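What follows is query33.cif (mmCIF, C-alpha atoms).
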data_start
#
loop_
_atom_site.label_atom_id
_atom_site.label_comp_id
_atom_site.auth_asym_id
_atom_site.auth_seq_id
_atom_site.Cartn_x
_atom_site.Cartn_y
_atom_site.Cartn_z
CA MET G 1 -40.74 -38.98 -27.86
CA SER G 2 -43.13 -41.08 -29.92
CA ALA G 3 -45.26 -43.77 -28.38
CA PRO G 4 -44.41 -47.45 -28.90
CA SER G 5 -45.19 -48.52 -32.46
CA HIS G 6 -47.46 -51.31 -31.33
CA ALA G 7 -49.32 -49.20 -28.77
CA PRO G 8 -53.04 -48.60 -29.40
CA GLU G 9 -53.59 -45.66 -31.73
CA SER G 10 -56.89 -44.73 -30.13
CA ALA G 11 -58.07 -44.48 -26.57
CA GLU G 12 -61.51 -45.46 -25.31
CA GLN G 13 -63.63 -42.40 -24.59
CA PRO G 14 -66.27 -42.41 -21.86
CA GLU G 15 -68.51 -40.14 -23.90
CA ALA G 16 -69.67 -41.87 -27.09
CA ALA G 17 -70.99 -38.64 -28.55
CA ALA G 18 -67.62 -36.93 -28.20
CA ALA G 19 -65.87 -39.89 -29.79
CA GLN G 20 -68.15 -39.80 -32.82
CA ALA G 21 -68.45 -36.06 -33.27
CA PRO G 22 -66.46 -34.70 -36.21
CA GLY G 23 -63.58 -32.65 -34.90
CA GLY G 24 -64.38 -33.70 -31.37
CA ARG G 25 -61.96 -35.00 -28.80
CA GLY G 26 -62.54 -38.60 -29.85
CA ASP G 27 -61.85 -37.74 -33.49
CA ALA G 28 -58.47 -36.29 -32.48
CA ASP G 29 -57.60 -39.24 -30.26
CA ASN G 30 -58.36 -41.72 -33.06
CA ARG G 31 -55.62 -40.30 -35.24
CA SER G 32 -52.23 -41.99 -35.39
CA LEU G 33 -49.03 -40.15 -34.54
CA ARG G 34 -48.19 -39.87 -38.23
CA GLN G 35 -51.59 -38.39 -39.03
CA ILE G 36 -51.23 -35.85 -36.24
CA ALA G 37 -47.69 -34.99 -37.35
CA TRP G 38 -48.82 -34.61 -40.98
CA GLN G 39 -51.65 -32.29 -39.94
CA ARG G 40 -49.23 -30.15 -37.93
CA LEU G 41 -46.76 -30.10 -40.80
CA ARG G 42 -49.44 -29.01 -43.26
CA LYS G 43 -50.22 -26.05 -41.01
CA ASP G 44 -46.58 -24.98 -41.11
CA LYS G 45 -46.47 -23.08 -44.39
CA VAL G 46 -42.74 -22.37 -44.14
CA ALA G 47 -41.94 -26.06 -43.72
CA MET G 48 -44.25 -27.04 -46.58
CA VAL G 49 -42.71 -24.50 -48.96
CA SER G 50 -39.24 -25.65 -47.87
CA GLY G 51 -40.25 -29.25 -48.50
CA VAL G 52 -41.39 -28.35 -52.02
CA VAL G 53 -38.06 -26.60 -52.64
CA VAL G 54 -36.17 -29.67 -51.39
CA VAL G 55 -38.15 -31.94 -53.71
CA LEU G 56 -37.56 -29.61 -56.67
CA LEU G 57 -33.83 -29.50 -55.92
CA ILE G 58 -33.64 -33.29 -55.81
CA LEU G 59 -35.61 -33.61 -59.05
CA ALA G 60 -33.39 -30.99 -60.73
CA ALA G 61 -30.28 -32.93 -59.70
CA VAL G 62 -31.70 -36.28 -60.82
CA PHE G 63 -32.91 -34.96 -64.18
CA ALA G 64 -29.95 -32.61 -64.73
CA PRO G 65 -28.92 -34.27 -68.05
CA LEU G 66 -32.44 -33.84 -69.43
CA LEU G 67 -32.77 -30.22 -68.24
CA VAL G 68 -29.36 -29.35 -69.65
CA LYS G 69 -30.31 -30.91 -72.97
CA TRP G 70 -33.44 -28.74 -73.13
CA PHE G 71 -32.26 -25.45 -71.62
CA GLY G 72 -28.47 -25.43 -71.51
CA HIS G 73 -25.19 -26.73 -72.83
CA PRO G 74 -22.84 -29.51 -71.67
CA PRO G 75 -21.17 -28.40 -68.42
CA THR G 76 -17.65 -28.90 -69.78
CA GLN G 77 -18.21 -27.22 -73.16
CA PHE G 78 -16.19 -24.03 -73.65
CA HIS G 79 -17.54 -20.93 -75.37
CA GLN G 80 -14.40 -18.87 -75.80
CA ASP G 81 -15.95 -16.84 -78.62
CA LEU G 82 -18.45 -15.36 -76.11
CA ILE G 83 -15.82 -14.37 -73.56
CA GLU G 84 -13.79 -11.19 -73.48
CA PRO G 85 -10.24 -12.24 -74.51
CA ASN G 86 -8.71 -9.77 -72.04
CA THR G 87 -10.53 -11.23 -69.04
CA HIS G 88 -7.23 -11.77 -67.25
CA LEU G 89 -6.33 -8.06 -67.46
CA PRO G 90 -7.19 -5.49 -64.75
CA TYR G 91 -10.57 -3.86 -65.18
CA ALA G 92 -10.53 -0.18 -66.16
CA ASP G 93 -13.35 2.25 -65.46
CA PRO G 94 -14.56 3.73 -68.80
CA ASP G 95 -14.66 7.16 -67.17
CA ASN G 96 -11.18 6.69 -65.78
CA THR G 97 -8.25 5.19 -67.63
CA GLU G 98 -6.70 3.85 -64.43
CA ALA G 99 -7.13 0.16 -63.60
CA VAL G 100 -9.26 -0.83 -60.63
CA ASP G 101 -7.25 -2.77 -58.06
CA GLY G 102 -8.33 -6.39 -57.63
CA ALA G 103 -10.92 -6.29 -60.42
CA LEU G 104 -10.56 -8.19 -63.69
CA VAL G 105 -12.26 -7.60 -67.01
CA PRO G 106 -15.64 -9.41 -66.98
CA PRO G 107 -17.15 -11.30 -69.95
CA VAL G 108 -18.51 -9.28 -72.84
CA ASP G 109 -22.03 -8.89 -71.49
CA LYS G 110 -22.42 -6.90 -68.29
CA TRP G 111 -24.82 -9.57 -66.95
CA GLY G 112 -22.30 -12.34 -67.41
CA GLY G 113 -23.65 -13.47 -70.76
CA MET G 114 -27.17 -14.25 -69.53
CA SER G 115 -29.50 -14.91 -72.44
CA GLY G 116 -32.12 -17.33 -73.65
CA ASP G 117 -29.30 -19.62 -74.72
CA HIS G 118 -27.39 -19.31 -71.43
CA LEU G 119 -29.96 -18.80 -68.67
CA LEU G 120 -27.47 -18.02 -65.89
CA GLY G 121 -24.65 -16.69 -68.01
CA LEU G 122 -21.14 -17.96 -68.65
CA GLU G 123 -18.16 -18.69 -66.50
CA PRO G 124 -15.24 -16.26 -66.73
CA LYS G 125 -12.16 -17.43 -68.65
CA THR G 126 -13.75 -20.68 -69.92
CA GLY G 127 -17.21 -19.58 -71.05
CA ARG G 128 -18.86 -22.74 -69.68
CA ASP G 129 -22.61 -22.58 -69.14
CA LEU G 130 -23.41 -21.71 -65.51
CA PHE G 131 -26.92 -23.16 -65.62
CA SER G 132 -25.70 -26.65 -66.48
CA ARG G 133 -22.82 -26.43 -64.00
CA ILE G 134 -25.21 -25.45 -61.20
CA LEU G 135 -27.42 -28.45 -61.96
CA TYR G 136 -24.52 -30.90 -62.16
CA GLY G 137 -23.02 -29.31 -59.05
CA ALA G 138 -26.28 -30.09 -57.26
CA GLN G 139 -25.76 -33.75 -58.15
CA ILE G 140 -22.36 -33.78 -56.42
CA SER G 141 -23.50 -31.84 -53.35
CA LEU G 142 -26.67 -33.88 -52.77
CA LEU G 143 -24.95 -37.19 -53.53
CA VAL G 144 -22.19 -36.55 -50.99
CA ALA G 145 -24.67 -35.17 -48.43
CA PHE G 146 -27.13 -38.08 -48.70
CA LEU G 147 -24.53 -40.87 -48.74
CA SER G 148 -22.55 -39.43 -45.82
CA THR G 149 -25.78 -38.89 -43.88
CA VAL G 150 -26.81 -42.52 -44.44
CA LEU G 151 -23.40 -43.74 -43.23
CA CYS G 152 -23.51 -41.42 -40.23
CA VAL G 153 -27.06 -42.44 -39.31
CA VAL G 154 -26.36 -46.17 -39.62
CA LEU G 155 -23.22 -46.00 -37.46
CA GLY G 156 -24.70 -43.58 -34.94
CA THR G 157 -27.96 -45.48 -34.58
CA LEU G 158 -26.28 -48.86 -34.22
CA LEU G 159 -23.72 -47.76 -31.66
CA GLY G 160 -26.13 -45.46 -29.81
CA ILE G 161 -28.83 -48.08 -29.38
CA ILE G 162 -26.29 -50.69 -28.22
CA ALA G 163 -24.73 -48.27 -25.73
CA GLY G 164 -28.10 -47.21 -24.34
CA TYR G 165 -29.50 -50.73 -24.06
CA LYS G 166 -26.45 -52.60 -22.80
CA GLY G 167 -25.12 -50.02 -20.37
CA GLY G 168 -22.15 -50.90 -18.16
CA TRP G 169 -18.72 -51.16 -19.72
CA VAL G 170 -20.19 -51.30 -23.25
CA ASP G 171 -21.82 -47.91 -22.72
CA THR G 172 -18.61 -46.55 -21.20
CA VAL G 173 -16.43 -47.66 -24.12
CA ILE G 174 -18.81 -46.29 -26.78
CA SER G 175 -19.33 -43.05 -24.88
CA ARG G 176 -15.58 -42.45 -24.58
CA ALA G 177 -15.24 -43.18 -28.30
CA MET G 178 -17.87 -40.50 -28.92
CA ASP G 179 -15.82 -38.00 -26.94
CA VAL G 180 -12.70 -38.83 -28.94
CA PHE G 181 -14.44 -38.46 -32.30
CA LEU G 182 -16.13 -35.20 -31.23
CA ALA G 183 -12.74 -33.73 -30.35
CA PHE G 184 -11.23 -34.75 -33.69
CA PRO G 185 -10.24 -31.85 -36.01
CA LEU G 186 -12.41 -33.11 -38.85
CA MET G 187 -11.80 -30.34 -41.39
CA LEU G 188 -8.02 -30.48 -41.02
CA PHE G 189 -8.05 -34.26 -41.26
CA ALA G 190 -10.24 -34.14 -44.37
CA ILE G 191 -7.97 -31.62 -46.07
CA ALA G 192 -4.90 -33.72 -45.29
CA LEU G 193 -6.45 -37.04 -46.32
CA VAL G 194 -8.26 -35.93 -49.47
CA GLY G 195 -5.19 -34.06 -50.63
CA VAL G 196 -2.96 -37.16 -50.58
CA ILE G 197 -5.30 -39.91 -51.79
CA PRO G 198 -3.83 -42.13 -54.55
CA SER G 199 -5.03 -42.13 -58.14
CA GLY G 200 -6.86 -45.42 -57.61
CA PHE G 201 -8.06 -47.55 -54.70
CA LEU G 202 -10.48 -50.49 -54.38
CA GLY G 203 -11.51 -50.15 -58.00
CA LEU G 204 -12.27 -46.43 -57.68
CA GLU G 205 -10.38 -43.63 -59.34
CA GLY G 206 -10.67 -39.94 -60.09
CA ASN G 207 -13.67 -38.13 -58.67
CA GLY G 208 -15.38 -41.43 -57.83
CA LEU G 209 -12.59 -42.12 -55.36
CA ARG G 210 -12.69 -38.56 -54.02
CA ILE G 211 -16.44 -38.75 -53.45
CA GLY G 212 -16.01 -42.07 -51.65
CA VAL G 213 -13.29 -40.65 -49.40
CA ILE G 214 -15.31 -37.51 -48.59
CA VAL G 215 -18.41 -39.58 -47.82
CA PHE G 216 -16.38 -41.86 -45.56
CA ILE G 217 -14.75 -38.97 -43.69
CA ILE G 218 -18.02 -37.12 -43.08
CA GLY G 219 -20.04 -40.19 -42.15
CA PHE G 220 -17.42 -41.98 -40.08
CA PHE G 221 -16.39 -39.00 -37.97
CA ASN G 222 -19.85 -37.43 -37.44
CA TRP G 223 -21.71 -40.45 -36.05
CA PRO G 224 -21.32 -39.41 -32.36
CA TYR G 225 -23.86 -36.61 -32.74
CA ILE G 226 -26.74 -38.88 -33.64
CA ALA G 227 -25.38 -41.66 -31.41
CA ARG G 228 -25.82 -39.41 -28.37
CA ILE G 229 -29.43 -38.70 -29.30
CA VAL G 230 -30.19 -42.38 -29.90
CA ARG G 231 -28.41 -43.43 -26.70
CA GLY G 232 -30.43 -40.98 -24.60
CA GLN G 233 -33.72 -42.12 -26.09
CA THR G 234 -32.77 -45.78 -25.69
CA LEU G 235 -31.98 -45.28 -22.00
CA SER G 236 -35.57 -44.12 -21.56
CA LEU G 237 -37.21 -46.72 -23.79
CA ARG G 238 -35.46 -49.74 -22.30
CA GLU G 239 -37.38 -49.21 -19.03
CA ARG G 240 -40.78 -49.01 -20.72
CA GLU G 241 -43.48 -51.61 -20.18
CA PHE G 242 -43.49 -52.94 -23.74
CA VAL G 243 -39.77 -53.77 -23.48
CA GLU G 244 -40.31 -55.55 -20.16
CA ALA G 245 -43.24 -57.44 -21.67
CA ALA G 246 -41.15 -58.58 -24.64
CA ARG G 247 -38.34 -59.66 -22.34
CA SER G 248 -40.74 -61.61 -20.12
CA LEU G 249 -42.03 -63.45 -23.19
CA GLY G 250 -38.52 -64.67 -23.91
CA ALA G 251 -37.54 -62.20 -26.64
CA GLY G 252 -33.79 -61.94 -27.24
CA ASN G 253 -31.72 -58.78 -27.24
CA ARG G 254 -31.71 -58.55 -31.03
CA HIS G 255 -35.50 -58.69 -31.18
CA ILE G 256 -35.87 -56.09 -28.44
CA LEU G 257 -33.32 -53.74 -30.04
CA PHE G 258 -34.54 -53.88 -33.62
CA LYS G 259 -38.22 -54.83 -33.27
CA GLU G 260 -39.25 -53.01 -30.11
CA ILE G 261 -36.90 -50.05 -29.50
CA LEU G 262 -35.69 -49.08 -32.99
CA PRO G 263 -39.19 -48.43 -34.45
CA ASN G 264 -39.71 -45.86 -31.70
CA LEU G 265 -36.49 -44.08 -32.68
CA ILE G 266 -37.45 -43.49 -36.30
CA THR G 267 -38.87 -40.03 -35.64
CA PRO G 268 -35.79 -38.45 -33.97
CA ILE G 269 -33.53 -40.18 -36.48
CA LEU G 270 -35.56 -38.82 -39.41
CA VAL G 271 -35.65 -35.30 -38.00
CA TYR G 272 -31.94 -35.26 -37.21
CA SER G 273 -31.10 -36.60 -40.67
CA THR G 274 -32.87 -33.70 -42.38
CA LEU G 275 -30.83 -31.30 -40.24
CA LEU G 276 -27.57 -33.18 -40.92
CA ILE G 277 -27.87 -33.09 -44.72
CA PRO G 278 -27.32 -29.29 -45.07
CA THR G 279 -24.29 -29.50 -42.77
CA ASN G 280 -22.77 -32.12 -45.05
CA ILE G 281 -23.53 -29.98 -48.11
CA LEU G 282 -21.59 -27.12 -46.56
CA PHE G 283 -18.72 -29.44 -45.65
CA GLU G 284 -18.35 -30.69 -49.23
CA ALA G 285 -18.57 -27.13 -50.58
CA ALA G 286 -15.87 -26.01 -48.15
CA LEU G 287 -13.52 -28.80 -49.28
CA SER G 288 -14.08 -27.94 -52.93
CA PHE G 289 -13.61 -24.24 -52.21
CA LEU G 290 -10.24 -25.03 -50.61
CA GLY G 291 -9.22 -27.08 -53.64
CA VAL G 292 -9.25 -30.55 -52.05
CA GLY G 293 -12.75 -31.60 -53.06
CA ILE G 294 -14.00 -32.60 -56.48
CA ASN G 295 -11.47 -32.34 -59.30
CA PRO G 296 -12.25 -30.10 -62.27
CA PRO G 297 -13.80 -30.03 -64.80
CA THR G 298 -16.55 -31.81 -62.81
CA PRO G 299 -18.83 -29.01 -61.50
CA SER G 300 -18.93 -28.28 -57.79
CA TRP G 301 -20.60 -25.34 -56.06
CA GLY G 302 -17.64 -24.78 -53.76
CA LYS G 303 -15.16 -24.81 -56.64
CA MET G 304 -17.34 -22.38 -58.60
CA LEU G 305 -17.24 -20.00 -55.65
CA SER G 306 -13.48 -20.33 -55.43
CA GLU G 307 -13.00 -19.56 -59.12
CA ALA G 308 -15.33 -16.54 -58.91
CA VAL G 309 -13.48 -14.84 -56.05
CA ASP G 310 -11.26 -12.90 -58.47
CA TYR G 311 -14.34 -11.31 -60.05
CA TYR G 312 -16.22 -10.13 -56.98
CA SER G 313 -15.68 -6.46 -57.93
CA SER G 314 -16.25 -6.46 -61.69
CA ALA G 315 -18.70 -9.39 -61.96
CA PRO G 316 -20.25 -10.23 -58.57
CA TYR G 317 -22.96 -12.44 -60.14
CA PHE G 318 -20.36 -15.20 -60.61
CA ILE G 319 -20.23 -15.45 -56.81
CA ILE G 320 -23.92 -14.75 -56.24
CA ILE G 321 -25.22 -17.62 -58.43
CA PRO G 322 -23.41 -20.58 -56.78
CA GLY G 323 -23.67 -18.81 -53.42
CA LEU G 324 -27.44 -18.62 -53.78
CA ALA G 325 -27.58 -22.27 -54.80
CA ILE G 326 -25.84 -23.27 -51.57
CA PHE G 327 -27.86 -20.79 -49.48
CA VAL G 328 -31.27 -21.86 -50.82
CA THR G 329 -30.47 -25.57 -50.52
CA VAL G 330 -29.16 -25.35 -46.96
CA LEU G 331 -31.96 -23.03 -45.85
CA ALA G 332 -34.65 -25.27 -47.36
CA PHE G 333 -33.33 -28.39 -45.64
CA ASN G 334 -32.96 -26.59 -42.30
CA LEU G 335 -36.46 -25.11 -42.37
CA PHE G 336 -37.98 -28.41 -43.44
CA GLY G 337 -36.08 -30.19 -40.66
CA ASP G 338 -37.32 -27.65 -38.12
CA GLY G 339 -40.86 -28.19 -39.37
CA LEU G 340 -40.54 -31.97 -39.00
CA ARG G 341 -39.19 -31.58 -35.49
CA ASP G 342 -42.10 -29.36 -34.47
CA ALA G 343 -44.62 -31.66 -36.15
CA PHE G 344 -43.43 -34.76 -34.30
CA ASP G 345 -42.94 -33.01 -30.96
CA PRO G 346 -45.67 -34.34 -28.63
CA ARG G 347 -45.43 -31.15 -26.55
CA THR G 348 -46.65 -29.09 -29.50
CA SER G 349 -50.27 -28.12 -29.12
CA ASP G 350 -52.60 -29.54 -31.79
#
Starting from the coordinates I provided, produce the structure as structure tokens.
Amino acid sequence: MSAPSHAPESAEQPEAAAAQAPGGRGDADNRSLRQIAWQRLRKDKVAMVSGVVVVLLILAAVFAPLLVKWFGHPPTQFHQDLIEPNTHLPYADPDNTEAVDGALVPPVDKWGGMSGDHLLGLEPKTGRDLFSRILYGAQISLLVAFLSTVLCVVLGTLLGIIAGYKGGWVDTVISRAMDVFLAFPLMLFAIALVGVIPSGFLGLEGNGLRIGVIVFIIGFFNWPYIARIVRGQTLSLREREFVEAARSLGAGNRHILFKEILPNLITPILVYSTLLIPTNILFEAALSFLGVGINPPTPSWGKMLSEAVDYYSSAPYFIIIPGLAIFVTVLAFNLFGDGLRDAFDPRTSD
């Protein structure tokens, strides 16, 4: 756990020479927690590479319209002239006139239409550009993941810090609420709720409403995980000297909670958030794969996987491309989160 934010960042050394020597013990002790964590993170090559991948993914999603304008085509534009008209028919081996069970005729090109004009090829049946749909799908996945993570973190932090600081019946009520939410069948509830939402609500409609509902479901029902972490840390921090000192000086509960305790919870909250984002990406992809996520023709990685299932034998790259997008994104966030956790862990040797 990190030291209090207002605690001295350097300790007085009995040996002046050691304190002034470059790389000496005093030089290490004069560094702040963030400087130490950054140095540890820089040494973790896997975490640094993952962090670069995360940044590139975010930039690709943000600048998707510009990238598509330069290197692709609009994600909803059809290219039927580039697609085999008999795509819906069973695939036949050229050396054998019999149809192959479960395999459909792929697009004209054996690589799915990959070319300089269509970097990742074309979708079966519609001929839409896969490159642009992957980029716009990243927008949906990251938007849902980030917004739901923010909602989850805000609720979990607020309720966890109150439960840990107040104790007594307040802690009991919030803790029992955590148990109830943790036992809730979230996926089944999400499928049922998203599948029956009206066409418009609170000024939202279409995919805007669906995104709002998905964000609410993920964030509202996943807060107990981070609340338990925050509650445990708060139970320890509320007995620390700096909290007692603030209380003795007449500080109110609000000041102690949000000025004294909360700054010391930033590190575990940040680390847990980076590990929660990939989970939320997978959740949104699962909903879209099951047909209760984002409505077509808006691109979604999960929906692209669902539509490519019929072509796993004759054209497996239609599954591989969105599957790799999900895999790389989730892996990068997980590895970066692990690196942050190790960097901020005070038990890690310098």
- request: Return as a PyMOL selection string the set of residues that the PyMOL selection byres ((chain G and resi 44-52) around 9) yields on the displayed structure.
  value: chain G and resi 39-43+53-57+331-340+343
field: Residue IDs satisfying the PyMOL selection byres ((chain G and resi 227) around 10), as a ChimeraX atom specification
entry: /G:152-164,174-175,178,222-226,228-233,269
Residues as selected, C-alpha atoms, written as a tab-separated table (two decimals), keeping the file's coordinate frame, can you do that?
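In the end it all went to selection.tsv:
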chain	number	residue	atom	x	y	z
G	152	CYS	CA	-23.51	-41.42	-40.23
G	153	VAL	CA	-27.06	-42.44	-39.31
G	154	VAL	CA	-26.36	-46.17	-39.62
G	155	LEU	CA	-23.22	-46.00	-37.46
G	156	GLY	CA	-24.70	-43.58	-34.94
G	157	THR	CA	-27.96	-45.48	-34.58
G	158	LEU	CA	-26.28	-48.86	-34.22
G	159	LEU	CA	-23.72	-47.76	-31.66
G	160	GLY	CA	-26.13	-45.46	-29.81
G	161	ILE	CA	-28.83	-48.08	-29.38
G	162	ILE	CA	-26.29	-50.69	-28.22
G	163	ALA	CA	-24.73	-48.27	-25.73
G	164	GLY	CA	-28.10	-47.21	-24.34
G	174	ILE	CA	-18.81	-46.29	-26.78
G	175	SER	CA	-19.33	-43.05	-24.88
G	178	MET	CA	-17.87	-40.50	-28.92
G	222	ASN	CA	-19.85	-37.43	-37.44
G	223	TRP	CA	-21.71	-40.45	-36.05
G	224	PRO	CA	-21.32	-39.41	-32.36
G	225	TYR	CA	-23.86	-36.61	-32.74
G	226	ILE	CA	-26.74	-38.88	-33.64
G	228	ARG	CA	-25.82	-39.41	-28.37
G	229	ILE	CA	-29.43	-38.70	-29.30
G	230	VAL	CA	-30.19	-42.38	-29.90
G	231	ARG	CA	-28.41	-43.43	-26.70
G	232	GLY	CA	-30.43	-40.98	-24.60
G	233	GLN	CA	-33.72	-42.12	-26.09
G	269	ILE	CA	-33.53	-40.18	-36.48
query: Which residue, G:Gln35, G:Thr234, G:Ser148, G:Thr298, has the smallest gap to Asp171 in chain G when you use all atoms listed in the file?
result: G:Thr234
- prompt: Expressed in Å to a single decimal, how great is the separation between CA of Gly127 in chain G and CA of Gly302 in chain G?
  reply: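 According to the coordinates, CA of Gly127 in chain G and CA of Gly302 in chain G are separated by 18.1 Å.
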- request: For CA of Pro74 in chain G and CA of Pro124 in chain G, determine how far apart the two atoms are, in Å to one decimal place.
  value: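 For CA of Pro74 in chain G relative to CA of Pro124 in chain G, the distance reads 16.1 Å.
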query: Looking at G:Leu235, G:Val62, G:Ile214, G:Ala192, which one is nearest to Gly168 in chain G, with distances taken over all atoms listed in the file?
result: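 Looking at the shortest contact to Gly168 in chain G, the residue is G:Leu235.
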message: For this structure, which residues satisfy the selection - the PyMOL selection byres ((chain G and resi 140-147) around 6) - when it is evaluated on the file as given? I want them as number ranges by chain.
response: G: 137-139, 148-150, 215, 277, 280-281
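Candidate residues G:Thr329, G:Ser313, G:Phe189, G:Lys303 were compared for distance to Ala61 in chain G, and the nearest is G:Thr329, using all atoms listed in the file.
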Mind running range 251-312 of chain G against range 236-240 of chain G at 10 Å and telling me each contacting residue's nearest atom pair with the distance in Å (one decimal), counting all atoms listed in the file, chain and number ascending, as a Markdown table?
| residue | atom | partner | partner_atom | distance |
| --- | --- | --- | --- | --- |
| G:Ile256 | CA | G:Arg238 | CA | 8.8 |
| G:Leu257 | CA | G:Arg238 | CA | 9.0 |
| G:Glu260 | CA | G:Leu237 | CA | 9.1 |
| G:Ile261 | CA | G:Leu237 | CA | 6.6 |
| G:Leu262 | CA | G:Leu237 | CA | 9.6 |
| G:Asn264 | CA | G:Leu237 | CA | 8.3 |
| G:Leu265 | CA | G:Leu237 | CA | 9.3 |
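Nearest residue to Lys166 in chain G among G:Arg254, G:Tyr136, G:Val213, G:Leu151 is G:Arg254, counting all atoms listed in the file.
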- request: State, in Å with one decimal place, the distance from CA of Phe283 in chain G to CA of Leu186 in chain G.
  value: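 Taking CA of Phe283 in chain G and CA of Leu186 in chain G, their separation equals 10.0 Å.
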Among listed residues G:Arg210, G:Arg247, G:Lys259, G:Arg341, nearest Ser288 in chain G (using only C-alpha atoms): G:Arg210
- prompt: Trp301 in chain G: which residues within 7 Å, counting all atoms listed in the file, same-chain residues fewer than 4 positions away excluded, as number ranges by chain?
  reply: G: 134, 137, 285, 305, 322
- prompt: So, counting all atoms listed in the file, which residue among G:Ala64, G:Leu122, G:Ile211, G:Ala251 is closest to Ile294 in chain G?
  reply: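 When distances to Ile294 in chain G are compared using all atoms listed in the file, the smallest one comes from G:Ile211.
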Residues within 8 Å of Leu287 in chain G, all atoms listed in the file, excluding chain neighbours under 4 positions, as a list in words: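 Here the qualifying residues turn out to be Ala190, Ile191, Phe283, Gly291, Val292, Gly293 and Gly302 of chain G.
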Completion of range 308-325 of chain G up to N, CA and C atoms, as an mmCIF file, in the coordinates of the input:
data_model
loop_
_atom_site.group_PDB
_atom_site.id
_atom_site.type_symbol
_atom_site.label_atom_id
_atom_site.label_comp_id
_atom_site.auth_asym_id
_atom_site.auth_seq_id
_atom_site.Cartn_x
_atom_site.Cartn_y
_atom_site.Cartn_z
ATOM 1 N N ALA G 308 -14.682 -17.830 -58.696
ATOM 2 C CA ALA G 308 -15.330 -16.540 -58.910
ATOM 3 C C ALA G 308 -14.815 -15.453 -57.980
ATOM 4 N N VAL G 309 -13.962 -15.812 -57.025
ATOM 5 C CA VAL G 309 -13.480 -14.840 -56.050
ATOM 6 C C VAL G 309 -12.773 -13.671 -56.730
ATOM 7 N N ASP G 310 -12.013 -13.949 -57.785
ATOM 8 C CA ASP G 310 -11.260 -12.900 -58.470
ATOM 9 C C ASP G 310 -12.155 -11.879 -59.151
ATOM 10 N N TYR G 311 -13.447 -12.183 -59.289
ATOM 11 C CA TYR G 311 -14.340 -11.310 -60.050
ATOM 12 C C TYR G 311 -15.405 -10.660 -59.177
ATOM 13 N N TYR G 312 -15.180 -10.644 -57.866
ATOM 14 C CA TYR G 312 -16.220 -10.130 -56.980
ATOM 15 C C TYR G 312 -16.482 -8.651 -57.191
ATOM 16 N N SER G 313 -15.495 -7.898 -57.715
ATOM 17 C CA SER G 313 -15.680 -6.460 -57.930
ATOM 18 C C SER G 313 -16.294 -6.153 -59.288
ATOM 19 N N SER G 314 -15.786 -6.775 -60.342
ATOM 20 C CA SER G 314 -16.250 -6.460 -61.690
ATOM 21 C C SER G 314 -17.450 -7.298 -62.114
ATOM 22 N N ALA G 315 -17.596 -8.509 -61.566
ATOM 23 C CA ALA G 315 -18.700 -9.390 -61.960
ATOM 24 C C ALA G 315 -19.167 -10.188 -60.746
ATOM 25 N N PRO G 316 -19.854 -9.548 -59.810
ATOM 26 C CA PRO G 316 -20.250 -10.230 -58.570
ATOM 27 C C PRO G 316 -21.248 -11.362 -58.775
ATOM 28 N N TYR G 317 -21.952 -11.383 -59.929
ATOM 29 C CA TYR G 317 -22.960 -12.440 -60.140
ATOM 30 C C TYR G 317 -22.316 -13.815 -60.237
ATOM 31 N N PHE G 318 -21.021 -13.893 -60.566
ATOM 32 C CA PHE G 318 -20.360 -15.200 -60.610
ATOM 33 C C PHE G 318 -20.240 -15.811 -59.211
ATOM 34 N N ILE G 319 -20.219 -14.960 -58.190
ATOM 35 C CA ILE G 319 -20.230 -15.450 -56.810
ATOM 36 C C ILE G 319 -21.665 -15.632 -56.327
ATOM 37 N N ILE G 320 -22.546 -14.729 -56.734
ATOM 38 C CA ILE G 320 -23.920 -14.750 -56.240
ATOM 39 C C ILE G 320 -24.647 -16.032 -56.669
ATOM 40 N N ILE G 321 -24.450 -16.475 -57.911
ATOM 41 C CA ILE G 321 -25.220 -17.620 -58.430
ATOM 42 C C ILE G 321 -24.912 -18.908 -57.671
ATOM 43 N N PRO G 322 -23.651 -19.362 -57.583
ATOM 44 C CA PRO G 322 -23.410 -20.580 -56.780
ATOM 45 C C PRO G 322 -23.639 -20.350 -55.293
ATOM 46 N N GLY G 323 -23.398 -19.110 -54.832
ATOM 47 C CA GLY G 323 -23.670 -18.810 -53.420
ATOM 48 C C GLY G 323 -25.142 -18.951 -53.097
ATOM 49 N N LEU G 324 -26.006 -18.468 -53.992
ATOM 50 C CA LEU G 324 -27.440 -18.620 -53.780
ATOM 51 C C LEU G 324 -27.870 -20.075 -53.840
ATOM 52 N N ALA G 325 -27.238 -20.850 -54.722
ATOM 53 C CA ALA G 325 -27.580 -22.270 -54.800
ATOM 54 C C ALA G 325 -27.316 -22.961 -53.470
#
